[in-house]
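Student: For reference, the file protein.txt (compact mmCIF, C-alpha atoms) is included below:
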```txt
# COMPACT_ATOMS: atom_id res chain seq x y z
CA MET O 1 48.15 25.59 74.80
CA LYS O 2 48.64 27.12 78.24
CA ILE O 3 49.50 30.80 78.37
CA LEU O 4 50.73 32.90 81.30
CA VAL O 5 50.35 36.68 81.12
CA ILE O 6 52.06 39.03 83.55
CA GLY O 7 49.47 41.78 83.64
CA PRO O 8 49.78 45.56 84.02
CA SER O 9 49.58 47.38 87.33
CA TRP O 10 46.96 50.03 86.52
CA VAL O 11 43.21 49.80 85.90
CA GLY O 12 43.28 51.40 82.46
CA ASP O 13 46.19 49.29 81.28
CA MET O 14 44.53 46.13 82.58
CA MET O 15 41.38 46.92 80.61
CA MET O 16 43.36 47.59 77.42
CA SER O 17 45.23 44.30 77.86
CA GLN O 18 41.98 42.43 77.18
CA SER O 19 42.52 43.12 73.49
CA LEU O 20 45.57 40.84 73.66
CA TYR O 21 43.56 38.07 75.32
CA ARG O 22 40.82 38.36 72.71
CA ILE O 23 43.38 38.08 69.91
CA LEU O 24 45.10 35.12 71.55
CA LYS O 25 41.76 33.28 71.85
CA ALA O 26 41.03 34.05 68.21
CA GLU O 27 44.44 32.67 67.19
CA TYR O 28 44.37 29.71 69.60
CA PRO O 29 40.72 28.92 70.44
CA SER O 30 41.56 26.10 72.86
CA ALA O 31 44.19 28.07 74.77
CA GLU O 32 43.93 28.57 78.53
CA ILE O 33 45.03 32.09 79.46
CA ASP O 34 46.02 32.77 83.07
CA VAL O 35 46.77 36.35 84.09
CA MET O 36 48.96 37.19 87.07
CA ALA O 37 48.01 40.54 88.52
CA ALA O 38 47.29 42.36 91.77
CA ALA O 39 44.29 41.13 93.75
CA TRP O 40 42.26 44.25 92.97
CA CYS O 41 42.23 43.18 89.28
CA ARG O 42 40.20 40.05 89.96
CA PRO O 43 36.76 41.68 89.40
CA LEU O 44 37.91 42.95 85.99
CA LEU O 45 39.54 39.69 84.92
CA ALA O 46 36.45 37.75 86.05
CA ARG O 47 34.43 39.68 83.44
CA MET O 48 36.82 38.77 80.62
CA PRO O 49 35.61 35.45 79.17
CA GLU O 50 38.98 34.89 77.52
CA VAL O 51 40.74 34.60 80.90
CA HIS O 52 40.84 31.09 82.38
CA GLN O 53 41.92 32.25 85.85
CA ALA O 54 43.43 35.21 87.66
CA LEU O 55 46.62 34.44 89.56
CA PRO O 56 47.31 36.73 92.53
CA MET O 57 50.50 38.79 92.51
CA PRO O 58 51.05 39.49 96.22
CA LEU O 59 53.93 41.93 95.71
CA GLY O 60 53.18 45.61 95.50
CA HIS O 61 54.02 47.81 92.52
CA GLY O 62 57.73 48.65 92.60
CA THR O 63 58.74 45.80 94.93
CA LEU O 64 61.66 43.69 93.68
CA ALA O 65 61.72 40.80 96.23
CA ILE O 66 63.59 38.35 94.02
CA GLY O 67 63.24 35.54 96.54
CA GLU O 68 59.46 35.84 96.63
CA ARG O 69 59.29 36.02 92.85
CA TRP O 70 61.36 32.84 92.65
CA ARG O 71 58.88 31.10 94.98
CA LEU O 72 55.96 32.32 92.85
CA GLY O 73 57.61 31.11 89.65
CA TYR O 74 58.65 27.78 91.14
CA ALA O 75 55.07 27.12 92.28
CA LEU O 76 53.83 27.78 88.72
CA ARG O 77 56.10 25.16 87.16
CA ALA O 78 53.42 22.53 87.84
CA ASN O 79 51.08 24.38 85.44
CA GLN O 80 53.47 23.68 82.55
CA TYR O 81 52.82 26.86 80.62
CA ASP O 82 53.83 26.87 76.96
CA HIS O 83 54.11 30.62 76.46
CA ALA O 84 54.34 33.73 78.66
CA TYR O 85 53.62 37.33 77.70
CA VAL O 86 55.11 40.02 79.94
CA LEU O 87 53.20 43.27 79.47
CA PRO O 88 55.03 45.62 81.87
CA ASN O 89 58.45 46.77 80.68
CA SER O 90 60.25 46.33 84.00
CA PHE O 91 63.04 43.88 84.82
CA LYS O 92 61.19 42.45 87.82
CA SER O 93 58.03 41.68 85.84
CA ALA O 94 59.98 39.16 83.71
CA LEU O 95 61.29 37.18 86.68
CA VAL O 96 58.26 34.98 87.46
CA PRO O 97 57.93 33.43 83.96
CA PHE O 98 61.70 32.82 83.93
CA PHE O 99 61.57 31.09 87.32
CA ALA O 100 58.48 29.16 86.15
CA ASN O 101 60.54 27.66 83.30
CA VAL O 102 58.07 28.82 80.66
CA PRO O 103 59.79 27.84 77.38
CA GLN O 104 58.79 30.92 75.36
CA ARG O 105 58.76 34.30 77.12
CA THR O 106 57.68 37.28 75.02
CA GLY O 107 57.76 41.00 75.73
CA TRP O 108 59.05 44.38 74.59
CA ARG O 109 62.68 45.10 75.47
CA GLY O 110 61.97 47.73 78.15
CA GLU O 111 64.51 47.51 80.96
CA ILE O 112 67.49 45.24 80.41
CA ARG O 113 66.06 41.72 80.65
CA TYR O 114 67.94 39.64 78.10
CA GLY O 115 67.79 36.02 79.16
CA LEU O 116 64.72 36.57 81.30
CA LEU O 117 62.85 36.99 78.02
CA ASN O 118 63.90 34.82 75.09
CA ASP O 119 61.52 36.46 72.60
CA ILE O 120 62.42 40.13 72.96
CA ARG O 121 60.79 42.65 70.65
CA VAL O 122 62.28 46.09 69.98
CA LEU O 123 59.52 48.68 69.99
CA ASP O 124 59.19 51.28 67.26
CA LYS O 125 56.90 53.71 69.03
CA GLY O 126 55.97 55.44 65.79
CA ALA O 127 54.88 52.16 64.22
CA PHE O 128 52.60 51.33 67.17
CA PRO O 129 51.36 54.67 68.55
CA LEU O 130 48.62 53.20 70.77
CA MET O 131 49.32 51.16 73.88
CA VAL O 132 46.63 48.67 72.89
CA GLN O 133 48.42 48.10 69.57
CA ARG O 134 51.63 47.33 71.45
CA TYR O 135 49.85 44.73 73.56
CA VAL O 136 48.17 43.07 70.58
CA ALA O 137 51.35 43.00 68.45
CA LEU O 138 52.93 40.63 71.00
CA ALA O 139 50.38 37.94 70.05
CA TYR O 140 52.05 37.39 66.67
CA ASP O 141 55.34 35.73 65.81
CA LYS O 142 58.39 37.97 65.76
CA GLY O 143 58.79 39.66 62.37
CA ARG O 144 55.20 39.05 61.26
CA ILE O 145 53.81 42.42 62.40
CA HIS O 146 55.86 45.52 61.55
CA CYS O 147 53.38 48.30 62.24
CA ALA O 148 49.84 48.96 63.40
CA ASP O 149 48.51 48.65 59.85
CA ASP O 150 49.60 44.99 59.85
CA LEU O 151 47.33 44.18 62.79
CA PRO O 152 43.92 42.63 62.03
CA GLN O 153 41.24 45.24 61.47
CA PRO O 154 39.09 46.17 63.19
CA LEU O 155 41.09 45.68 66.36
CA LEU O 156 39.28 43.68 69.02
CA TRP O 157 38.70 46.30 71.68
CA PRO O 158 38.11 45.49 75.37
CA GLN O 159 34.55 44.37 76.01
CA ILE O 160 32.90 43.38 79.29
CA GLN O 161 29.26 42.67 80.14
CA VAL O 162 26.99 43.34 83.12
CA SER O 163 23.60 41.64 83.51
CA GLU O 164 20.31 43.39 84.20
CA GLU O 165 19.96 41.27 87.33
CA GLU O 166 23.29 42.60 88.67
CA ILE O 167 22.23 46.16 87.91
CA ALA O 168 18.88 45.76 89.68
CA LYS O 169 20.49 44.22 92.76
CA THR O 170 23.30 46.77 93.06
CA THR O 171 21.27 49.91 92.37
CA THR O 172 18.81 48.77 95.04
CA ALA O 173 21.65 48.16 97.50
CA PHE O 174 22.85 51.74 97.02
CA ASN O 175 19.34 53.19 97.00
CA LEU O 176 19.67 54.39 93.40
CA THR O 177 16.12 53.51 92.44
CA ASP O 178 15.03 57.11 91.87
CA HIS O 179 12.83 57.49 88.79
CA ARG O 180 15.41 59.89 87.31
CA PRO O 181 17.84 58.37 84.79
CA MET O 182 21.42 58.41 86.10
CA ILE O 183 24.55 60.01 84.69
CA GLY O 184 27.90 59.09 86.21
CA PHE O 185 30.82 61.42 86.80
CA CYS O 186 34.35 60.10 87.38
CA PRO O 187 36.05 63.23 88.77
CA GLY O 188 39.23 61.59 90.10
CA ALA O 189 42.58 60.82 88.50
CA GLU O 190 45.45 58.67 89.75
CA PHE O 191 48.16 61.31 89.89
CA GLY O 192 46.38 64.31 91.34
CA PRO O 193 44.61 67.44 90.14
CA ALA O 194 46.55 68.05 86.91
CA LYS O 195 44.41 65.43 85.09
CA ARG O 196 41.13 66.50 86.73
CA TRP O 197 38.47 68.70 85.24
CA PRO O 198 37.82 71.31 87.95
CA HIS O 199 35.17 70.45 90.53
CA TYR O 200 33.35 73.72 89.86
CA HIS O 201 32.94 72.78 86.18
CA TYR O 202 31.60 69.36 87.19
CA ALA O 203 29.17 71.11 89.56
CA THR O 204 27.92 73.47 86.86
CA LEU O 205 27.33 70.55 84.51
CA ALA O 206 25.65 68.54 87.28
CA GLN O 207 23.32 71.44 88.08
CA ARG O 208 22.21 71.69 84.46
CA LEU O 209 21.63 67.94 84.18
CA ILE O 210 19.69 67.80 87.45
CA GLU O 211 17.49 70.61 86.13
CA GLN O 212 16.87 68.34 83.12
CA CYS O 213 15.62 65.63 85.53
CA TYR O 214 18.74 63.46 85.70
CA GLN O 215 20.41 62.25 88.87
CA ILE O 216 24.19 62.26 89.23
CA ALA O 217 26.40 59.52 90.69
CA LEU O 218 30.04 60.30 91.52
CA PHE O 219 32.46 57.36 91.19
CA GLY O 220 36.02 56.92 92.37
CA SER O 221 38.27 55.63 95.12
CA ALA O 222 38.34 56.81 98.73
CA LYS O 223 40.87 59.50 97.87
CA ASP O 224 38.37 60.95 95.37
CA TYR O 225 35.67 61.38 98.02
CA ALA O 226 36.77 64.93 98.89
CA ALA O 227 36.61 65.97 95.24
CA GLY O 228 33.10 64.55 95.08
CA GLU O 229 32.06 66.54 98.14
CA GLU O 230 33.42 69.71 96.54
CA ILE O 231 31.12 69.07 93.59
CA ARG O 232 28.09 68.47 95.81
CA THR O 233 28.81 71.53 97.95
CA ALA O 234 28.98 73.74 94.86
CA LEU O 235 25.46 72.68 93.80
CA GLN O 236 22.38 74.62 94.74
CA ALA O 237 21.05 73.28 98.04
CA ASN O 238 17.87 71.87 96.50
CA ALA O 239 19.89 69.90 93.94
CA ARG O 240 22.23 68.06 96.30
CA ASP O 241 19.80 65.21 96.99
CA CYS O 242 20.03 64.36 93.30
CA CYS O 243 23.81 63.96 93.44
CA ILE O 244 25.20 61.01 95.40
CA ASN O 245 28.90 60.69 96.19
CA LEU O 246 29.86 57.01 95.86
CA ALA O 247 33.63 57.59 95.76
CA GLY O 248 35.23 55.22 98.22
CA LYS O 249 31.88 53.61 99.07
CA THR O 250 31.90 50.94 96.37
CA GLN O 251 34.11 47.98 95.66
CA LEU O 252 35.50 47.95 92.12
CA GLU O 253 33.01 45.23 91.14
CA GLN O 254 30.11 47.39 92.35
CA ALA O 255 31.44 50.45 90.54
CA VAL O 256 31.58 48.48 87.28
CA ILE O 257 27.95 47.44 87.68
CA LEU O 258 26.75 50.92 88.61
CA ILE O 259 28.60 52.50 85.69
CA ALA O 260 26.81 50.00 83.45
CA SER O 261 23.50 51.25 84.87
CA CYS O 262 24.16 54.87 83.84
CA GLN O 263 22.77 56.56 80.76
CA ALA O 264 26.19 58.13 80.15
CA ILE O 265 29.47 58.94 81.85
CA VAL O 266 31.60 62.08 82.04
CA SER O 267 35.15 61.22 83.03
CA ASN O 268 38.68 62.46 83.37
CA ASP O 269 41.45 60.36 81.84
CA SER O 270 41.36 57.54 84.41
CA GLY O 271 40.96 53.81 84.90
CA LEU O 272 37.19 54.22 85.24
CA MET O 273 37.18 55.88 81.82
CA HIS O 274 38.63 52.69 80.29
CA ILE O 275 36.11 50.54 82.18
CA THR O 276 33.31 52.72 80.79
CA ALA O 277 34.70 52.25 77.28
CA ALA O 278 34.79 48.46 77.73
CA LEU O 279 31.14 48.60 78.83
CA ASN O 280 30.43 50.57 75.63
CA LYS O 281 28.55 53.28 77.51
CA PRO O 282 28.10 56.75 75.98
CA MET O 283 30.91 58.88 77.41
CA ILE O 284 32.60 62.25 77.32
CA ALA O 285 36.32 61.82 78.10
CA LEU O 286 38.08 64.99 79.25
CA TYR O 287 41.81 65.21 78.57
CA GLY O 288 44.32 67.83 79.68
CA PRO O 289 48.08 67.20 79.71
CA SER O 290 47.80 63.43 79.17
CA ASN O 291 47.67 62.09 75.63
CA PRO O 292 44.54 60.59 74.02
CA ASP O 293 46.68 59.63 71.04
CA PHE O 294 48.34 56.95 73.22
CA THR O 295 45.61 55.69 75.56
CA PRO O 296 42.23 56.84 74.21
CA PRO O 297 38.92 55.36 75.35
CA LEU O 298 38.40 52.38 73.04
CA SER O 299 34.74 52.79 72.18
CA ASP O 300 32.70 54.17 69.30
CA LYS O 301 30.41 55.76 71.89
CA ALA O 302 33.16 57.85 73.48
CA LYS O 303 33.84 61.46 72.54
CA VAL O 304 37.14 63.02 73.58
CA ILE O 305 37.34 66.72 74.41
CA ARG O 306 40.80 68.27 74.55
CA VAL O 307 42.02 71.79 73.77
CA ILE O 308 45.80 71.30 73.59
CA SER O 309 48.11 68.98 71.65
CA GLY O 310 51.11 66.88 72.61
CA TYR O 311 51.94 65.14 75.87
CA HIS O 312 52.88 67.12 78.98
CA LYS O 313 54.21 65.11 81.92
CA VAL O 314 52.94 67.17 84.82
CA ARG O 315 51.50 66.04 88.14
CA LYS O 316 50.27 69.43 89.32
CA GLY O 317 48.95 72.29 87.23
CA ASP O 318 49.81 75.95 87.67
CA ALA O 319 46.24 77.11 88.28
CA ASP O 320 44.44 77.33 91.61
CA GLN O 321 44.07 74.00 93.47
CA GLY O 322 46.58 72.35 91.14
CA TYR O 323 44.30 72.19 88.08
CA HIS O 324 45.84 72.34 84.62
CA GLN O 325 44.80 75.36 82.58
CA SER O 326 43.97 73.21 79.55
CA LEU O 327 41.20 71.48 81.54
CA ILE O 328 39.95 74.76 82.97
CA TYR O 329 39.48 75.97 79.38
CA ILE O 330 36.96 73.16 78.74
CA GLN O 331 33.66 74.78 79.64
CA PRO O 332 30.61 72.95 81.08
CA LEU O 333 28.39 74.16 78.23
CA GLN O 334 30.81 72.63 75.72
CA VAL O 335 30.59 69.30 77.55
CA LEU O 336 26.80 69.51 77.78
CA GLU O 337 26.52 70.19 74.05
CA ALA O 338 28.66 67.12 73.31
CA LEU O 339 26.77 64.97 75.83
CA THR O 340 23.26 65.86 74.69
CA PRO O 341 23.26 63.89 71.38
CA LEU O 342 24.85 60.90 73.14
CA LEU O 343 22.00 60.91 75.66
CA ALA O 344 19.41 61.25 72.92
CA ALA O 345 20.89 58.27 71.06
CA SER O 346 20.99 56.13 74.22
CA GLU O 347 17.33 56.86 74.99
CA GLU O 348 16.04 55.90 71.54
```
For this file, write the structure as structure tokens.
Tutor:
Amino acid sequence: MKILVIGPSWVGDMMMSQSLYRILKAEYPSAEIDVMAAAWCRPLLARMPEVHQALPMPLGHGTLAIGERWRLGYALRANQYDHAYVLPNSFKSALVPFFANVPQRTGWRGEIRYGLLNDIRVLDKGAFPLMVQRYVALAYDKGRIHCADDLPQPLLWPQIQVSEEEIAKTTTAFNLTDHRPMIGFCPGAEFGPAKRWPHYHYATLAQRLIEQCYQIALFGSAKDYAAGEEIRTALQANARDCCINLAGKTQLEQAVILIASCQAIVSNDSGLMHITAALNKPMIALYGPSNPDFTPPLSDKAKVIRVISGYHKVRKGDADQGYHQSLIYIQPLQVLEALTPLLAASEE
């Protein structure tokens, strides 16, 4: 069986989609699963043993370009896929499998795409409250799975591995060979400050951990570098050498390896949070207006801290520097108290 998956556009969603691939391999052990996704996804897909190959999607998020999608689909006809799963809910995401003449094309209804998909499912959001459940439910024949309780338990969560050799090579390349054990912070978030724990809270926590003989590594993209520098600047001068800002200085592959080298991670709701969960690293996940009841970190070693309920679609908070008050309310000491037993368990 040859399967084509049109993958999600965001890091966290891509990580959660691995649960679908794991289920498909369990159902069809000899299946070859190809995933079409943006080029940046390749390092993540390469660490998913269920994925046969990553197919590049050269079009940016939000680009329709029907002619180019026809060319992509036409080129895939030679692969003779048996089944396609379309994970995004957009009209354009269903075009390539249709143009590739894949005989069975499965996905949730989403935007109007009757005909493009010939196995359309109508989503009952209450029956499948988690995004990962919605991905996994697509693996089963229509009508077989009616709610999350019908899915196999326990659910196969995302799971990726990093070797000790990779860790040794990459930590040496970034001069992270200090004798202090390392704790990673992921202080960025895709849509701005409303999903970020304030930099001054991160700095207070970092100061306490450095005083306990840890070193701190800050992870993120280039646009998170400034937030990392705010954290370092807020530290006492003699502590700054124990806090290295790697935001924007690592490729995604390197960030995955370095996160795997950490004793624990403290993260906002972000793509790196979902990578940390897939690595099964001890983690404190800090949520504000976004909803951990929909996209939680899928790991038994993750602890979520949140002080409000419900989902609030905001991109900028009302507090100073655009922070959301619900994240300001989460105090560094509260995070440290939650982190301490996770560190003790990881060091046993």
Student: Which residues are close to segment 166-180 of chain O, i.e. within 12 Å by all atoms listed in the file, leaving aside same-chain residues fewer than 5 positions away? Reply as a PDB file with C-alpha atoms, keeping the file's coordinate frame.
Tutor:
```pdb
ATOM      1  CA  GLN O 161      29.260  42.670  80.140  1.00  0.00           C
ATOM      2  CA  LEU O 209      21.630  67.940  84.180  1.00  0.00           C
ATOM      3  CA  ILE O 210      19.690  67.800  87.450  1.00  0.00           C
ATOM      4  CA  GLU O 211      17.490  70.610  86.130  1.00  0.00           C
ATOM      5  CA  GLN O 212      16.870  68.340  83.120  1.00  0.00           C
ATOM      6  CA  CYS O 213      15.620  65.630  85.530  1.00  0.00           C
ATOM      7  CA  TYR O 214      18.740  63.460  85.700  1.00  0.00           C
ATOM      8  CA  GLN O 215      20.410  62.250  88.870  1.00  0.00           C
ATOM      9  CA  ILE O 216      24.190  62.260  89.230  1.00  0.00           C
ATOM     10  CA  ALA O 217      26.400  59.520  90.690  1.00  0.00           C
ATOM     11  CA  ASP O 241      19.800  65.210  96.990  1.00  0.00           C
ATOM     12  CA  CYS O 242      20.030  64.360  93.300  1.00  0.00           C
ATOM     13  CA  CYS O 243      23.810  63.960  93.440  1.00  0.00           C
ATOM     14  CA  ILE O 244      25.200  61.010  95.400  1.00  0.00           C
ATOM     15  CA  ASN O 245      28.900  60.690  96.190  1.00  0.00           C
ATOM     16  CA  LEU O 246      29.860  57.010  95.860  1.00  0.00           C
ATOM     17  CA  LYS O 249      31.880  53.610  99.070  1.00  0.00           C
ATOM     18  CA  THR O 250      31.900  50.940  96.370  1.00  0.00           C
ATOM     19  CA  GLN O 251      34.110  47.980  95.660  1.00  0.00           C
ATOM     20  CA  GLU O 253      33.010  45.230  91.140  1.00  0.00           C
ATOM     21  CA  GLN O 254      30.110  47.390  92.350  1.00  0.00           C
ATOM     22  CA  ALA O 255      31.440  50.450  90.540  1.00  0.00           C
ATOM     23  CA  VAL O 256      31.580  48.480  87.280  1.00  0.00           C
ATOM     24  CA  ILE O 257      27.950  47.440  87.680  1.00  0.00           C
ATOM     25  CA  LEU O 258      26.750  50.920  88.610  1.00  0.00           C
ATOM     26  CA  ILE O 259      28.600  52.500  85.690  1.00  0.00           C
ATOM     27  CA  ALA O 260      26.810  50.000  83.450  1.00  0.00           C
ATOM     28  CA  SER O 261      23.500  51.250  84.870  1.00  0.00           C
ATOM     29  CA  CYS O 262      24.160  54.870  83.840  1.00  0.00           C
ATOM     30  CA  GLN O 263      22.770  56.560  80.760  1.00  0.00           C
TER      31      GLN O 263
END
```
Student: Leaving out segment 14-23 of chain O and any residue of its chain fewer than 3 positions from it, which residues lie within 8 Å of it when counting all atoms listed in the file, given as a PyMOL selection string?
Tutor: chain O and resi 7-11+26-27+33+41+44+48+50-51+131-132+135-136+138-139+155-159+274-275+278
Student: Please produce a file of those selected residues containing C-alpha atoms, as a PDB file, in the coordinates of the input.
Tutor:
```pdb
ATOM      1  CA  GLY O   7      49.470  41.780  83.640  1.00  0.00           C
ATOM      2  CA  PRO O   8      49.780  45.560  84.020  1.00  0.00           C
ATOM      3  CA  SER O   9      49.580  47.380  87.330  1.00  0.00           C
ATOM      4  CA  TRP O  10      46.960  50.030  86.520  1.00  0.00           C
ATOM      5  CA  VAL O  11      43.210  49.800  85.900  1.00  0.00           C
ATOM      6  CA  ALA O  26      41.030  34.050  68.210  1.00  0.00           C
ATOM      7  CA  GLU O  27      44.440  32.670  67.190  1.00  0.00           C
ATOM      8  CA  ILE O  33      45.030  32.090  79.460  1.00  0.00           C
ATOM      9  CA  CYS O  41      42.230  43.180  89.280  1.00  0.00           C
ATOM     10  CA  LEU O  44      37.910  42.950  85.990  1.00  0.00           C
ATOM     11  CA  MET O  48      36.820  38.770  80.620  1.00  0.00           C
ATOM     12  CA  GLU O  50      38.980  34.890  77.520  1.00  0.00           C
ATOM     13  CA  VAL O  51      40.740  34.600  80.900  1.00  0.00           C
ATOM     14  CA  MET O 131      49.320  51.160  73.880  1.00  0.00           C
ATOM     15  CA  VAL O 132      46.630  48.670  72.890  1.00  0.00           C
ATOM     16  CA  TYR O 135      49.850  44.730  73.560  1.00  0.00           C
ATOM     17  CA  VAL O 136      48.170  43.070  70.580  1.00  0.00           C
ATOM     18  CA  LEU O 138      52.930  40.630  71.000  1.00  0.00           C
ATOM     19  CA  ALA O 139      50.380  37.940  70.050  1.00  0.00           C
ATOM     20  CA  LEU O 155      41.090  45.680  66.360  1.00  0.00           C
ATOM     21  CA  LEU O 156      39.280  43.680  69.020  1.00  0.00           C
ATOM     22  CA  TRP O 157      38.700  46.300  71.680  1.00  0.00           C
ATOM     23  CA  PRO O 158      38.110  45.490  75.370  1.00  0.00           C
ATOM     24  CA  GLN O 159      34.550  44.370  76.010  1.00  0.00           C
ATOM     25  CA  HIS O 274      38.630  52.690  80.290  1.00  0.00           C
ATOM     26  CA  ILE O 275      36.110  50.540  82.180  1.00  0.00           C
ATOM     27  CA  ALA O 278      34.790  48.460  77.730  1.00  0.00           C
TER      28      ALA O 278
END
```
Student: Between atom CA of Gly220 of chain O and atom CA of Ala345 of chain O, what is the distance in Å, rounded to a tenth?
Tutor: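 Spanning atom CA of Gly220 of chain O to atom CA of Ala345 of chain O is a straight-line distance of 26.2 Å.
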Student: What lies within 7 Å of His83 of chain O using all atoms listed in the file, ignoring chain neighbours under 2 positions off, as a PyMOL selection string?
Tutor: chain O and resi 2-4+81+85+102-105
Student: Looking at O:Gly310, O:Ile183, O:Met273, O:Met1, which one is nearest to Leu342 of chain O, with distances taken over all atoms listed in the file?
Tutor: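 Closest to Leu342 of chain O of all the choices is O:Ile183.
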Student: Could you jot down the atom CA of Ile328 of chain O to atom CA of Cys186 of chain O separation for me, Å, one decimal place?
Tutor: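 Taking atom CA of Ile328 of chain O as the start and atom CA of Cys186 of chain O as the end point, the length is 16.3 Å.
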Student: What separation in Å, quoted to one decimal, exists between atom CA of Ile305 of chain O and atom CA of Ala285 of chain O?
Tutor: 6.2 Å
